[in-house]
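Student: Take a look at the following structure, please.
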Amino acid sequence: MSAPTDSPVQRAPLEGVRVLDLTRVLAGPWCTQLLGDLGADVVKVEAPGTGDDSRQFGQALPVDGPGRDSGFFLACNRNKRSITVDLNTASGAALIARLAAESDVVVENFKAGGLRRFGLDAASLMPANPRLIYCSVTGFGQDGPYAKRPAYDFIMQAMAGLMSSCGQPEGAPGGMPMRTGIPTTDLVAGYQATVAILGALIQRGISGQGQFIDAAMLDSSVCFNATLAQAYLITGQPVARQGNNNPIASPSGVFQTADGWMVVAAGNDRQFTQLCGVLGTADLPGDARFASNMLRVQNRQALHALIEPVLQSQTTDHWLPRLSDVQVPCTRINNMAQTLADPQVQHRNLIAEVQHGSGVPLKLLRSCLNMSAHQAPLRAPPQLGADNAAVLADWLGLDTGAVQSLFAAGAMGAPGKPADTAR
């Protein structure tokens, strides 16, 4: 997407903001990647030799040795620099403290209180840098009976109620709670942490003071229930699983066609009337059972029994243009190949090719932050420790000899046991 010609690109929103990234896996890295998209200088701190655990998750780049990073890692670490620091050494912990003193934002996702033993928790670092914004991303928050527990997306989807509303209805074939295919709770926690950091930066611009941010996956995930949670608060009744049917609109669900599956979402009376016109069932809007959306929801099974055979009589390609022409929302159910080849996705230039540090061409999804006065950068996720010398020179003014001394002291290159990185 290009910026309008009357809105020249200005300096990046977070240009000059230094972010010390002590996170790994997904929720934290997703947050810091967004800050990098907005122009912050994000320095990712990783354990020597191993790096972020997610570098070894699943499918990987077709290279040997260092740089054979996984698709998981590549998806959430663009626009960052990488340095290696061993927190288990006194010199390594001291180096992080020095970097934090020069930072605007520190983001970490150790278990609650996990960095205290290294002297790198908020209470230890903020007195030396009162302007510091310190964001701790954890599973359950800084306090409460679960604060010390580790947390993963699957656990959080179950605990926060998300799985209870996903899946086929109770008693239906295959009826059981289901998780989402993507790690929803990690991603929403990362987004919420980013929003809080941006708010804290704005507030610091007014007060001159930093602050601590307690970003809990549980909080983000429970609040992500949004309308379903509010429905319970009003009625006292948990929302039952509806499968692929929209619980508050009908007909709005997945329907089989002659050659596959499609989604039709007629969310109001006008769309329902237009849908029936295309299907050749123009009498249905006059049926008392289907006279309003609320009635159609109540009589969903009867309505589906009337329209499903019609949709099954023709192919998806037959129905899509006819329904789209009368403004009835609909789509085929795409796999990832179809999604990324879709004409609208292609038009939006969501995929770009960059050069990975290993020399391999790398296709990445770009930032989806479309701003008329800021074009988000797109730099390949860094190789492990690729920016050791550059970061220490830029942030601390250290020369080559000083950097070599840190390596000799074991602060950056010793293969010692990594710190406990569980959330």
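Residue numbers start at 1 in each chain; chains themselves are named A, B, ... in the order of the structure tokens; ligands are numbered from 1 in the order shown.
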Compile a residue-level contact table for region 101-170 of chain A against region 391-413 of chain A at a cut-off of 12 Å, reporting for every qualifying residue the shortest atom pair and its distance in Å to one decimal, with only C-alpha atoms counted, rows ordered by chain and ascending number, as CSV.
Tutor:
residue,atom,partner,partner_atom,distance
A:Ala101,CA,A:Leu396,CA,9.8
A:Glu102,CA,A:Trp395,CA,6.7
A:Ser103,CA,A:Trp395,CA,8.6
A:Asp104,CA,A:Trp395,CA,11.6
Student: Go ahead and save the residues from that selection, with C-alpha atoms, as an mmCIF file, in the first residue's frame.
Tutor:
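Contents of the output file again-v4.cif:
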data_model
loop_
_atom_site.group_PDB
_atom_site.id
_atom_site.type_symbol
_atom_site.label_atom_id
_atom_site.label_comp_id
_atom_site.auth_asym_id
_atom_site.auth_seq_id
_atom_site.Cartn_x
_atom_site.Cartn_y
_atom_site.Cartn_z
ATOM 1 C CA ALA A 101 20.005 2.363 31.588
ATOM 2 C CA GLU A 102 20.188 3.507 27.951
ATOM 3 C CA SER A 103 16.775 2.108 27.001
ATOM 4 C CA ASP A 104 13.382 3.709 26.679
#
Student: May I have all residues of region 80-265 of chain A that DSSP, computed from the backbone, assigns to strand (DSSP E or B), given as a PDB file with N, CA and C atoms, in the first residue's frame?
Tutor:
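Dumped to states-v3.pdb:
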ATOM      1  N   ARG A  81      17.416  -6.253  15.970  1.00  0.00           N
ATOM      2  CA  ARG A  81      18.822  -6.654  15.975  1.00  0.00           C
ATOM      3  C   ARG A  81      19.012  -7.672  17.101  1.00  0.00           C
ATOM      4  N   SER A  82      19.998  -8.546  16.952  1.00  0.00           N
ATOM      5  CA  SER A  82      20.213  -9.608  17.937  1.00  0.00           C
ATOM      6  C   SER A  82      21.590  -9.506  18.569  1.00  0.00           C
ATOM      7  N   ILE A  83      21.614  -9.628  19.901  1.00  0.00           N
ATOM      8  CA  ILE A  83      22.871  -9.776  20.623  1.00  0.00           C
ATOM      9  C   ILE A  83      22.757 -10.983  21.548  1.00  0.00           C
ATOM     10  N   THR A  84      23.892 -11.552  21.906  1.00  0.00           N
ATOM     11  CA  THR A  84      23.909 -12.687  22.822  1.00  0.00           C
ATOM     12  C   THR A  84      24.473 -12.257  24.168  1.00  0.00           C
ATOM     13  N   VAL A 105      12.471   1.467  26.631  1.00  0.00           N
ATOM     14  CA  VAL A 105      11.510   0.409  26.943  1.00  0.00           C
ATOM     15  C   VAL A 105      12.269  -0.889  27.162  1.00  0.00           C
ATOM     16  N   VAL A 106      11.913  -1.617  28.198  1.00  0.00           N
ATOM     17  CA  VAL A 106      12.366  -2.998  28.387  1.00  0.00           C
ATOM     18  C   VAL A 106      11.129  -3.888  28.346  1.00  0.00           C
ATOM     19  N   VAL A 107      11.189  -4.941  27.546  1.00  0.00           N
ATOM     20  CA  VAL A 107      10.097  -5.920  27.490  1.00  0.00           C
ATOM     21  C   VAL A 107      10.692  -7.279  27.821  1.00  0.00           C
ATOM     22  N   GLU A 108      10.091  -7.976  28.792  1.00  0.00           N
ATOM     23  CA  GLU A 108      10.567  -9.319  29.157  1.00  0.00           C
ATOM     24  C   GLU A 108       9.378 -10.229  29.397  1.00  0.00           C
ATOM     25  N   ILE A 133      10.260   2.568  30.665  1.00  0.00           N
ATOM     26  CA  ILE A 133       8.984   1.850  30.617  1.00  0.00           C
ATOM     27  C   ILE A 133       9.321   0.364  30.612  1.00  0.00           C
ATOM     28  N   TYR A 134       8.905  -0.319  31.643  1.00  0.00           N
ATOM     29  CA  TYR A 134       9.269  -1.727  31.837  1.00  0.00           C
ATOM     30  C   TYR A 134       7.999  -2.568  31.711  1.00  0.00           C
ATOM     31  N   CYS A 135       7.938  -3.419  30.690  1.00  0.00           N
ATOM     32  CA  CYS A 135       6.766  -4.242  30.430  1.00  0.00           C
ATOM     33  C   CYS A 135       7.100  -5.706  30.681  1.00  0.00           C
ATOM     34  N   SER A 136       6.398  -6.312  31.619  1.00  0.00           N
ATOM     35  CA  SER A 136       6.588  -7.727  31.940  1.00  0.00           C
ATOM     36  C   SER A 136       5.389  -8.507  31.413  1.00  0.00           C
ATOM     37  N   VAL A 137       5.644  -9.374  30.422  1.00  0.00           N
ATOM     38  CA  VAL A 137       4.594 -10.202  29.826  1.00  0.00           C
ATOM     39  C   VAL A 137       4.655 -11.580  30.483  1.00  0.00           C
ATOM     40  N   THR A 138       3.599 -11.946  31.207  1.00  0.00           N
ATOM     41  CA  THR A 138       3.559 -13.234  31.886  1.00  0.00           C
ATOM     42  C   THR A 138       2.248 -13.948  31.566  1.00  0.00           C
ATOM     43  N   PHE A 212       5.703   0.887  35.106  1.00  0.00           N
ATOM     44  CA  PHE A 212       5.715  -0.571  34.976  1.00  0.00           C
ATOM     45  C   PHE A 212       4.406  -1.037  34.361  1.00  0.00           C
ATOM     46  N   ILE A 213       4.497  -1.999  33.429  1.00  0.00           N
ATOM     47  CA  ILE A 213       3.319  -2.561  32.770  1.00  0.00           C
ATOM     48  C   ILE A 213       3.247  -4.051  33.075  1.00  0.00           C
ATOM     49  N   ASP A 214       2.152  -4.455  33.674  1.00  0.00           N
ATOM     50  CA  ASP A 214       1.892  -5.859  34.011  1.00  0.00           C
ATOM     51  C   ASP A 214       0.983  -6.423  32.918  1.00  0.00           C
ATOM     52  N   ALA A 215       1.572  -7.054  31.906  1.00  0.00           N
ATOM     53  CA  ALA A 215       0.827  -7.572  30.750  1.00  0.00           C
ATOM     54  C   ALA A 215       0.622  -9.073  30.910  1.00  0.00           C
ATOM     55  N   ALA A 216      -0.579  -9.472  31.287  1.00  0.00           N
ATOM     56  CA  ALA A 216      -0.872 -10.877  31.561  1.00  0.00           C
ATOM     57  C   ALA A 216      -1.650 -11.496  30.417  1.00  0.00           C
ATOM     58  N   SER A 252     -25.939 -17.466   8.752  1.00  0.00           N
ATOM     59  CA  SER A 252     -24.559 -16.992   8.769  1.00  0.00           C
ATOM     60  C   SER A 252     -23.695 -18.143   9.253  1.00  0.00           C
ATOM     61  N   GLY A 253     -23.105 -18.878   8.275  1.00  0.00           N
ATOM     62  CA  GLY A 253     -22.339 -20.048   8.632  1.00  0.00           C
ATOM     63  C   GLY A 253     -21.632 -20.643   7.434  1.00  0.00           C
ATOM     64  N   VAL A 254     -21.219 -21.884   7.571  1.00  0.00           N
ATOM     65  CA  VAL A 254     -20.523 -22.623   6.513  1.00  0.00           C
ATOM     66  C   VAL A 254     -21.533 -23.518   5.801  1.00  0.00           C
ATOM     67  N   PHE A 255     -21.519 -23.459   4.476  1.00  0.00           N
ATOM     68  CA  PHE A 255     -22.462 -24.238   3.679  1.00  0.00           C
ATOM     69  C   PHE A 255     -21.719 -25.009   2.600  1.00  0.00           C
ATOM     70  N   GLN A 256     -22.196 -26.225   2.362  1.00  0.00           N
ATOM     71  CA  GLN A 256     -21.587 -27.055   1.329  1.00  0.00           C
ATOM     72  C   GLN A 256     -22.162 -26.696  -0.029  1.00  0.00           C
ATOM     73  N   TRP A 261     -16.860 -25.937   0.015  1.00  0.00           N
ATOM     74  CA  TRP A 261     -17.501 -25.255   1.134  1.00  0.00           C
ATOM     75  C   TRP A 261     -17.359 -23.745   0.959  1.00  0.00           C
ATOM     76  N   MET A 262     -18.340 -23.014   1.448  1.00  0.00           N
ATOM     77  CA  MET A 262     -18.272 -21.560   1.422  1.00  0.00           C
ATOM     78  C   MET A 262     -18.952 -20.997   2.655  1.00  0.00           C
ATOM     79  N   VAL A 263     -18.637 -19.760   2.944  1.00  0.00           N
ATOM     80  CA  VAL A 263     -19.289 -19.038   4.029  1.00  0.00           C
ATOM     81  C   VAL A 263     -20.275 -18.046   3.435  1.00  0.00           C
ATOM     82  N   VAL A 264     -21.486 -18.057   3.948  1.00  0.00           N
ATOM     83  CA  VAL A 264     -22.491 -17.054   3.620  1.00  0.00           C
ATOM     84  C   VAL A 264     -22.898 -16.401   4.928  1.00  0.00           C
ATOM     85  N   ALA A 265     -22.860 -15.072   4.967  1.00  0.00           N
ATOM     86  CA  ALA A 265     -23.152 -14.344   6.200  1.00  0.00           C
ATOM     87  C   ALA A 265     -24.169 -13.247   5.917  1.00  0.00           C
TER      88      ALA A 265
END
Student: Write out as a compact mmCIF listing (two decimals) with all heavy atoms, in the first residue's frame the residues lying within 10 Å of Gly16 (chain A), counting only C-alpha atoms and excluding same-chain residues fewer than 5 positions away.
Tutor:
# COMPACT_ATOMS: atom_id res chain seq x y z
N ARG A 11 9.30 11.16 9.73
CA ARG A 11 10.10 10.28 10.57
C ARG A 11 9.18 9.23 11.18
O ARG A 11 8.00 9.47 11.43
CB ARG A 11 10.84 11.04 11.64
CG ARG A 11 10.00 11.82 12.60
CD ARG A 11 10.84 12.50 13.66
NE ARG A 11 11.42 11.53 14.59
CZ ARG A 11 12.30 11.85 15.53
NH1 ARG A 11 12.72 13.10 15.65
NH2 ARG A 11 12.77 10.93 16.35
N GLY A 39 9.29 1.72 13.95
CA GLY A 39 10.55 2.45 13.82
C GLY A 39 11.46 2.42 15.02
O GLY A 39 12.53 3.04 15.00
N ALA A 40 11.08 1.73 16.09
CA ALA A 40 11.96 1.65 17.26
C ALA A 40 13.20 0.82 16.94
O ALA A 40 13.17 -0.06 16.08
CB ALA A 40 11.21 1.02 18.44
N ASP A 41 14.28 1.10 17.65
CA ASP A 41 15.49 0.28 17.55
C ASP A 41 15.33 -0.84 18.57
O ASP A 41 15.53 -0.65 19.77
CB ASP A 41 16.73 1.12 17.86
CG ASP A 41 18.03 0.33 17.75
OD1 ASP A 41 18.00 -0.81 17.25
OD2 ASP A 41 19.08 0.87 18.14
N ASP A 104 14.67 3.08 26.41
CA ASP A 104 13.38 3.71 26.68
C ASP A 104 12.37 2.68 27.17
O ASP A 104 11.50 2.99 27.99
CB ASP A 104 12.85 4.37 25.40
CG ASP A 104 13.73 5.50 24.94
OD1 ASP A 104 13.70 6.57 25.56
OD2 ASP A 104 14.47 5.31 23.95
Student: Excluding Leu275 (chain A) and any residue of its chain fewer than 3 positions from it, enumerate the residues within 7 Å of it, using only C-alpha atoms, and give them as an MDAnalysis selection string.
Tutor: chainID A and resid 271:272 278:279 323 328
Student: Convert the current residue selection to file output with N, CA and C atoms, as a PDB file, in the first residue's frame.
Tutor:
ATOM      1  N   GLN A 271     -30.010  -8.289   3.441  1.00  0.00           N
ATOM      2  CA  GLN A 271     -29.127  -9.314   2.889  1.00  0.00           C
ATOM      3  C   GLN A 271     -29.841 -10.659   2.781  1.00  0.00           C
ATOM      4  N   PHE A 272     -30.693 -10.975   3.753  1.00  0.00           N
ATOM      5  CA  PHE A 272     -31.442 -12.224   3.685  1.00  0.00           C
ATOM      6  C   PHE A 272     -32.373 -12.225   2.478  1.00  0.00           C
ATOM      7  N   VAL A 278     -31.384 -14.678  -4.985  1.00  0.00           N
ATOM      8  CA  VAL A 278     -30.380 -15.400  -5.763  1.00  0.00           C
ATOM      9  C   VAL A 278     -30.643 -16.906  -5.729  1.00  0.00           C
ATOM     10  N   LEU A 279     -31.057 -17.421  -4.575  1.00  0.00           N
ATOM     11  CA  LEU A 279     -31.274 -18.859  -4.423  1.00  0.00           C
ATOM     12  C   LEU A 279     -32.583 -19.329  -5.048  1.00  0.00           C
ATOM     13  N   LEU A 323     -23.892 -13.811  -5.487  1.00  0.00           N
ATOM     14  CA  LEU A 323     -24.163 -13.251  -4.163  1.00  0.00           C
ATOM     15  C   LEU A 323     -23.411 -11.937  -3.942  1.00  0.00           C
ATOM     16  N   VAL A 328     -24.323  -9.597  -0.719  1.00  0.00           N
ATOM     17  CA  VAL A 328     -24.436 -10.584   0.348  1.00  0.00           C
ATOM     18  C   VAL A 328     -23.024 -11.055   0.690  1.00  0.00           C
TER      19      VAL A 328
END
Student: So, with only C-alpha atoms as the atoms that count, which of A:Met156, A:Val297, A:Leu365, A:Ala373 lies closest to Pro183 (chain A)?
Tutor: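 Of A:Met156, A:Val297, A:Leu365, A:Ala373, the one nearest Pro183 (chain A), counting only C-alpha atoms, is A:Met156.
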Student: Given only C-alpha atoms as the basis, pick out the residue of A:Ala352, A:Ser164, A:Gly260, A:Cys276 nearest to Arg332 (chain A).
Tutor: A:Gly260
Student: Could you list, as a list in words, every residue within 8 Å of Cys166 (chain A), counting only C-alpha atoms and ignoring same-chain residues fewer than 5 positions away?
Tutor: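 Selected residues are Pro177, Met178, Arg179, Thr180, Arg241, Gln242 and Gly243 of chain A.
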Student: Only N, CA and C atoms, please: the residues just picked out, written as a PDB file, in the first residue's frame.
Tutor:
ATOM      1  N   PRO A 177     -14.937 -29.191  22.739  1.00  0.00           N
ATOM      2  CA  PRO A 177     -14.265 -27.884  22.702  1.00  0.00           C
ATOM      3  C   PRO A 177     -13.074 -27.928  21.758  1.00  0.00           C
ATOM      4  N   MET A 178     -12.819 -26.818  21.086  1.00  0.00           N
ATOM      5  CA  MET A 178     -11.745 -26.755  20.098  1.00  0.00           C
ATOM      6  C   MET A 178     -10.883 -25.525  20.332  1.00  0.00           C
ATOM      7  N   ARG A 179      -9.594 -25.652  20.012  1.00  0.00           N
ATOM      8  CA  ARG A 179      -8.691 -24.508  20.038  1.00  0.00           C
ATOM      9  C   ARG A 179      -8.610 -23.913  18.643  1.00  0.00           C
ATOM     10  N   THR A 180      -8.141 -22.684  18.562  1.00  0.00           N
ATOM     11  CA  THR A 180      -7.913 -22.068  17.271  1.00  0.00           C
ATOM     12  C   THR A 180      -6.593 -22.568  16.689  1.00  0.00           C
ATOM     13  N   ARG A 241     -21.604 -23.743  22.390  1.00  0.00           N
ATOM     14  CA  ARG A 241     -20.894 -23.853  21.117  1.00  0.00           C
ATOM     15  C   ARG A 241     -21.890 -23.931  19.967  1.00  0.00           C
ATOM     16  N   GLN A 242     -21.572 -23.227  18.891  1.00  0.00           N
ATOM     17  CA  GLN A 242     -22.461 -23.170  17.737  1.00  0.00           C
ATOM     18  C   GLN A 242     -21.813 -23.740  16.478  1.00  0.00           C
ATOM     19  N   GLY A 243     -20.629 -24.359  16.613  1.00  0.00           N
ATOM     20  CA  GLY A 243     -19.939 -24.808  15.408  1.00  0.00           C
ATOM     21  C   GLY A 243     -19.540 -23.613  14.573  1.00  0.00           C
TER      22      GLY A 243
END
Student: Which residue gives the smallest distance to Leu61 (chain A) among A:Leu378, A:Val360, A:Cys368, A:Leu35, with only C-alpha atoms counted?
Tutor: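 Among the listed residues, A:Val360 lies closest to Leu61 (chain A).
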